[in-house]
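Source file target_16.pdb; content: PDB, C-alpha atoms, pLDDT in the B column.
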```pdb
MODEL        1
ATOM      1  CA  MET I   1     -59.240 -55.375  16.150  1.00 63.00           C
ATOM      2  CA  GLY I   2     -56.234 -54.748  13.868  1.00 79.00           C
ATOM      3  CA  ARG I   3     -56.192 -51.014  14.529  1.00 86.00           C
ATOM      4  CA  ARG I   4     -56.422 -51.516  18.271  1.00 89.00           C
ATOM      5  CA  TRP I   5     -53.483 -53.923  18.205  1.00 89.00           C
ATOM      6  CA  VAL I   6     -51.337 -51.506  16.169  1.00 89.00           C
ATOM      7  CA  LEU I   7     -52.293 -48.598  18.428  1.00 92.00           C
ATOM      8  CA  GLY I   8     -51.388 -50.647  21.503  1.00 90.00           C
ATOM      9  CA  LEU I   9     -48.050 -51.612  19.984  1.00 91.00           C
ATOM     10  CA  LEU I  10     -47.249 -47.996  19.077  1.00 92.00           C
ATOM     11  CA  THR I  11     -48.219 -46.861  22.574  1.00 94.00           C
ATOM     12  CA  LEU I  12     -45.946 -49.483  24.150  1.00 93.00           C
ATOM     13  CA  TYR I  13     -43.066 -48.507  21.845  1.00 94.00           C
ATOM     14  CA  GLY I  14     -43.526 -44.819  22.678  1.00 93.00           C
ATOM     15  CA  ALA I  15     -43.702 -45.518  26.410  1.00 93.00           C
ATOM     16  CA  LEU I  16     -40.498 -47.585  26.316  1.00 93.00           C
ATOM     17  CA  TRP I  17     -38.752 -44.878  24.288  1.00 94.00           C
ATOM     18  CA  LEU I  18     -39.881 -42.212  26.754  1.00 94.00           C
ATOM     19  CA  LEU I  19     -38.678 -44.339  29.676  1.00 94.00           C
ATOM     20  CA  THR I  20     -35.290 -44.834  28.014  1.00 94.00           C
ATOM     21  CA  THR I  21     -35.050 -41.121  27.180  1.00 93.00           C
ATOM     22  CA  THR I  22     -35.725 -40.084  30.773  1.00 93.00           C
ATOM     23  CA  ALA I  23     -34.507 -42.736  33.209  1.00 93.00           C
ATOM     24  CA  GLY I  24     -32.011 -44.537  30.961  1.00 93.00           C
ATOM     25  CA  ARG I  25     -30.433 -41.368  29.632  1.00 93.00           C
ATOM     26  CA  TRP I  26     -30.080 -39.914  33.114  1.00 93.00           C
ATOM     27  CA  GLN I  27     -28.506 -43.092  34.499  1.00 94.00           C
ATOM     28  CA  VAL I  28     -25.988 -43.539  31.682  1.00 93.00           C
ATOM     29  CA  GLU I  29     -25.099 -39.831  31.469  1.00 91.00           C
ATOM     30  CA  SER I  30     -24.569 -39.445  35.219  1.00 90.00           C
ATOM     31  CA  GLY I  31     -22.139 -42.381  35.294  1.00 90.00           C
ATOM     32  CA  VAL I  32     -20.123 -41.105  32.334  1.00 90.00           C
ATOM     33  CA  LEU I  33     -20.107 -37.510  33.658  1.00 88.00           C
ATOM     34  CA  GLY I  34     -18.832 -38.668  37.042  1.00 87.00           C
ATOM     35  CA  ALA I  35     -15.978 -40.614  35.455  1.00 88.00           C
ATOM     36  CA  ILE I  36     -14.940 -37.700  33.212  1.00 86.00           C
ATOM     37  CA  ARG I  37     -15.087 -35.152  36.037  1.00 84.00           C
ATOM     38  CA  ASP I  38     -12.913 -37.415  38.223  1.00 85.00           C
ATOM     39  CA  THR I  39     -10.386 -37.886  35.413  1.00 83.00           C
ATOM     40  CA  VAL I  40     -10.141 -34.162  34.732  1.00 83.00           C
ATOM     41  CA  ALA I  41      -9.924 -33.332  38.455  1.00 80.00           C
ATOM     42  CA  ARG I  42      -7.078 -35.826  38.986  1.00 81.00           C
ATOM     43  CA  THR I  43      -5.052 -34.717  35.967  1.00 77.00           C
ATOM     44  CA  ALA I  44      -5.651 -30.964  36.290  1.00 73.00           C
ATOM     45  CA  PRO I  45      -5.955 -30.277  40.027  1.00 75.00           C
ATOM     46  CA  GLY I  46      -6.850 -26.754  41.004  1.00 75.00           C
ATOM     47  CA  GLN I  47      -8.353 -25.919  37.618  1.00 75.00           C
ATOM     48  CA  ARG I  48     -12.090 -25.608  37.114  1.00 75.00           C
ATOM     49  CA  PRO I  49     -13.136 -27.524  33.984  1.00 76.00           C
ATOM     50  CA  GLN I  50     -15.682 -26.108  31.551  1.00 73.00           C
ATOM     51  CA  LYS I  51     -18.606 -28.357  30.516  1.00 75.00           C
ATOM     52  CA  LEU I  52     -19.493 -27.919  26.856  1.00 75.00           C
ATOM     53  CA  PRO I  53     -23.122 -28.299  25.792  1.00 71.00           C
ATOM     54  CA  SER I  54     -22.277 -30.067  22.534  1.00 64.00           C
ATOM     55  CA  THR I  55     -19.616 -32.198  20.877  1.00 61.00           C
ATOM     56  CA  ASN I  56     -19.365 -29.648  18.035  1.00 63.00           C
ATOM     57  CA  GLN I  57     -17.816 -26.900  20.146  1.00 62.00           C
ATOM     58  CA  HIS I  58     -14.370 -26.188  21.519  1.00 63.00           C
ATOM     59  CA  GLY I  59     -13.809 -24.748  24.939  1.00 56.00           C
ATOM     60  CA  ALA I  60     -12.874 -21.126  25.393  1.00 63.00           C
ATOM     61  CA  ARG I  61     -10.359 -22.268  27.951  1.00 71.00           C
ATOM     62  CA  LEU I  62      -8.771 -25.531  29.020  1.00 75.00           C
ATOM     63  CA  PRO I  63      -9.648 -27.913  30.555  1.00 82.00           C
ATOM     64  CA  TYR I  64     -13.053 -28.757  29.114  1.00 80.00           C
ATOM     65  CA  TYR I  65     -15.197 -31.833  28.698  1.00 84.00           C
ATOM     66  CA  TYR I  66     -18.410 -32.887  26.983  1.00 86.00           C
ATOM     67  CA  VAL I  67     -20.932 -35.705  27.181  1.00 89.00           C
ATOM     68  CA  ASP I  68     -23.701 -36.014  24.594  1.00 90.00           C
ATOM     69  CA  VAL I  69     -26.277 -38.806  24.982  1.00 92.00           C
ATOM     70  CA  THR I  70     -28.859 -39.597  22.306  1.00 93.00           C
ATOM     71  CA  VAL I  71     -31.568 -42.265  22.266  1.00 94.00           C
ATOM     72  CA  PRO I  72     -32.187 -43.608  18.738  1.00 94.00           C
ATOM     73  CA  CYS I  73     -34.666 -46.281  19.929  1.00 93.00           C
ATOM     74  CA  PRO I  74     -35.858 -47.863  23.187  1.00 94.00           C
ATOM     75  CA  PHE I  75     -33.095 -49.414  25.322  1.00 95.00           C
ATOM     76  CA  LEU I  76     -30.254 -48.182  23.050  1.00 95.00           C
ATOM     77  CA  LEU I  77     -28.195 -45.083  23.887  1.00 95.00           C
ATOM     78  CA  ARG I  78     -25.321 -43.457  22.020  1.00 95.00           C
ATOM     79  CA  VAL I  79     -22.756 -41.611  24.136  1.00 93.00           C
ATOM     80  CA  GLN I  80     -20.198 -39.224  22.662  1.00 91.00           C
ATOM     81  CA  ARG I  81     -17.794 -38.115  25.349  1.00 90.00           C
ATOM     82  CA  GLY I  82     -14.408 -36.488  25.665  1.00 87.00           C
ATOM     83  CA  TYR I  83     -12.164 -34.104  27.509  1.00 86.00           C
ATOM     84  CA  GLN I  84      -9.218 -31.866  26.706  1.00 85.00           C
ATOM     85  CA  ILE I  85      -6.743 -30.951  29.458  1.00 83.00           C
ATOM     86  CA  ALA I  86      -4.039 -29.276  27.369  1.00 75.00           C
ATOM     87  CA  PRO I  87      -3.575 -28.696  23.619  1.00 77.00           C
ATOM     88  CA  LEU I  88      -2.222 -32.213  23.052  1.00 77.00           C
ATOM     89  CA  TRP I  89      -3.669 -33.970  26.099  1.00 82.00           C
ATOM     90  CA  GLY I  90      -7.168 -35.382  25.869  1.00 85.00           C
ATOM     91  CA  SER I  91      -9.287 -38.387  25.159  1.00 88.00           C
ATOM     92  CA  GLY I  92     -12.785 -39.338  24.079  1.00 89.00           C
ATOM     93  CA  ALA I  93     -14.981 -42.040  22.656  1.00 90.00           C
ATOM     94  CA  ASP I  94     -18.168 -42.849  20.829  1.00 92.00           C
ATOM     95  CA  GLU I  95     -19.974 -45.636  22.718  1.00 93.00           C
ATOM     96  CA  TRP I  96     -23.260 -47.521  22.431  1.00 95.00           C
ATOM     97  CA  TYR I  97     -25.020 -48.652  25.594  1.00 95.00           C
ATOM     98  CA  LEU I  98     -27.812 -51.137  26.137  1.00 95.00           C
ATOM     99  CA  TRP I  99     -30.012 -49.998  29.022  1.00 94.00           C
ATOM    100  CA  ILE I 100     -32.508 -52.462  30.480  1.00 93.00           C
ATOM    101  CA  PHE I 101     -34.485 -51.018  33.381  1.00 90.00           C
ATOM    102  CA  GLY I 102     -31.548 -49.909  35.514  1.00 87.00           C
ATOM    103  CA  PHE I 103     -28.825 -52.147  34.115  1.00 93.00           C
ATOM    104  CA  LYS I 104     -26.433 -50.665  31.554  1.00 92.00           C
ATOM    105  CA  PHE I 105     -23.913 -52.399  29.335  1.00 92.00           C
ATOM    106  CA  ILE I 106     -21.452 -51.070  26.762  1.00 92.00           C
ATOM    107  CA  ILE I 107     -22.213 -53.020  23.608  1.00 94.00           C
ATOM    108  CA  ALA I 108     -19.961 -51.176  21.139  1.00 90.00           C
ATOM    109  CA  ARG I 109     -17.138 -48.644  21.101  1.00 89.00           C
ATOM    110  CA  PRO I 110     -16.619 -47.875  17.402  1.00 87.00           C
ATOM    111  CA  MET I 111     -14.333 -44.888  17.951  1.00 83.00           C
ATOM    112  CA  VAL I 112     -11.788 -43.859  20.556  1.00 84.00           C
ATOM    113  CA  TRP I 113      -9.510 -40.843  20.219  1.00 84.00           C
ATOM    114  CA  VAL I 114      -6.448 -39.858  22.221  1.00 81.00           C
ATOM    115  CA  SER I 115      -4.277 -36.793  21.810  1.00 77.00           C
TER     116      SER I 115
ENDMDL
END
```

Would you encode the structure as structure tokens?
Amino acid sequence: MGRRWVLGLLTLYGALWLLTTTAGRWQVESGVLGAIRDTVARTAPGQRPQKLPSTNQHGARLPYYYVDVTVPCPFLLRVQRGYQIAPLWGSGADEWYLWIFGFKFIIARPMVWVS
């Protein structure tokens, strides 16, 4: 009985993690991407921004933006986001979201940068 209980608990944990990685990640990332694209479009009209695949890269041309979402455990998502319009004109943040079956809440913003 003990093994069955542990196996059931691990299966539930894995299923919740998979749900957060698919549905939760998509929901949080799409909201953040929409906000960044709108910000870049309003501040740099007529320019086509470049989306970077990672936070560790710099754009070949300005403006550029990035959004990186990771899921360390079920219901918790870490978002690293930012944009750069000109050499000294950009912003970004590191945020933690709590996602509960369609509802998302920012629970921490340990870092914000502005240039």

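Within 12 Å of the point (-23.1, -51.2, 27.3) in file coordinates, and counting all atoms listed in the file, lie the residues Gly24, Val28, Gly31, Val32, Phe75, Leu76, Leu77, Arg78, Val79, Asp94, Glu95, Trp96, Tyr97, Leu98, Trp99, Ile100, Gly102, Phe103, Lys104, Phe105, Ile106, Ile107, Ala108 and Arg109 of chain I.
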
>> Could you tell me how far CA of Val69 in chain I sits from CA of Trp17 in chain I, in Å to one decimal place?
In response: 13.9 Å

> Residues picked by the PyMOL selection byres ((chain I and resi 86) around 10) here, as a list in words?
Replying inline: Ala44, Arg61, Leu62, Pro63, Tyr64, Tyr83, Gln84, Ile85, Pro87, Leu88, Trp89, Gly90 and Ser115 of chain I

Can you write just those residues out, C-alpha atoms, as a PDB file, in the frame of the given file?
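And here's selection_34.pdb as it stands now:
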```pdb
ATOM      1  CA  ALA I  44      -5.651 -30.964  36.290  1.00 73.00           C
ATOM      2  CA  ARG I  61     -10.359 -22.268  27.951  1.00 71.00           C
ATOM      3  CA  LEU I  62      -8.771 -25.531  29.020  1.00 75.00           C
ATOM      4  CA  PRO I  63      -9.648 -27.913  30.555  1.00 82.00           C
ATOM      5  CA  TYR I  64     -13.053 -28.757  29.114  1.00 80.00           C
ATOM      6  CA  TYR I  83     -12.164 -34.104  27.509  1.00 86.00           C
ATOM      7  CA  GLN I  84      -9.218 -31.866  26.706  1.00 85.00           C
ATOM      8  CA  ILE I  85      -6.743 -30.951  29.458  1.00 83.00           C
ATOM      9  CA  PRO I  87      -3.575 -28.696  23.619  1.00 77.00           C
ATOM     10  CA  LEU I  88      -2.222 -32.213  23.052  1.00 77.00           C
ATOM     11  CA  TRP I  89      -3.669 -33.970  26.099  1.00 82.00           C
ATOM     12  CA  GLY I  90      -7.168 -35.382  25.869  1.00 85.00           C
ATOM     13  CA  SER I 115      -4.277 -36.793  21.810  1.00 77.00           C
TER      14      SER I 115
END
```

>> Please report the interatomic distance between CA of Met111 in chain I and CA of Pro49 in chain I in Å with one decimal.
In response: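 Distance between the two atoms: 23.7 Å.
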
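Remark: for Ala15 in chain I, the closest of the candidate residues I:Lys51, I:Val40, I:Pro74, I:Ala93 is I:Pro74 (distances computed over all atoms listed in the file).
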
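Distance annotation: of I:Gln47, I:Ser30, I:Ser91, I:Arg37, the residue with the minimal separation from Asp68 in chain I is I:Ser30; atom set is all atoms listed in the file.
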
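Here CA of Asp38 in chain I is placed at a distance of 26.0 Å from CA of Phe101 in chain I.
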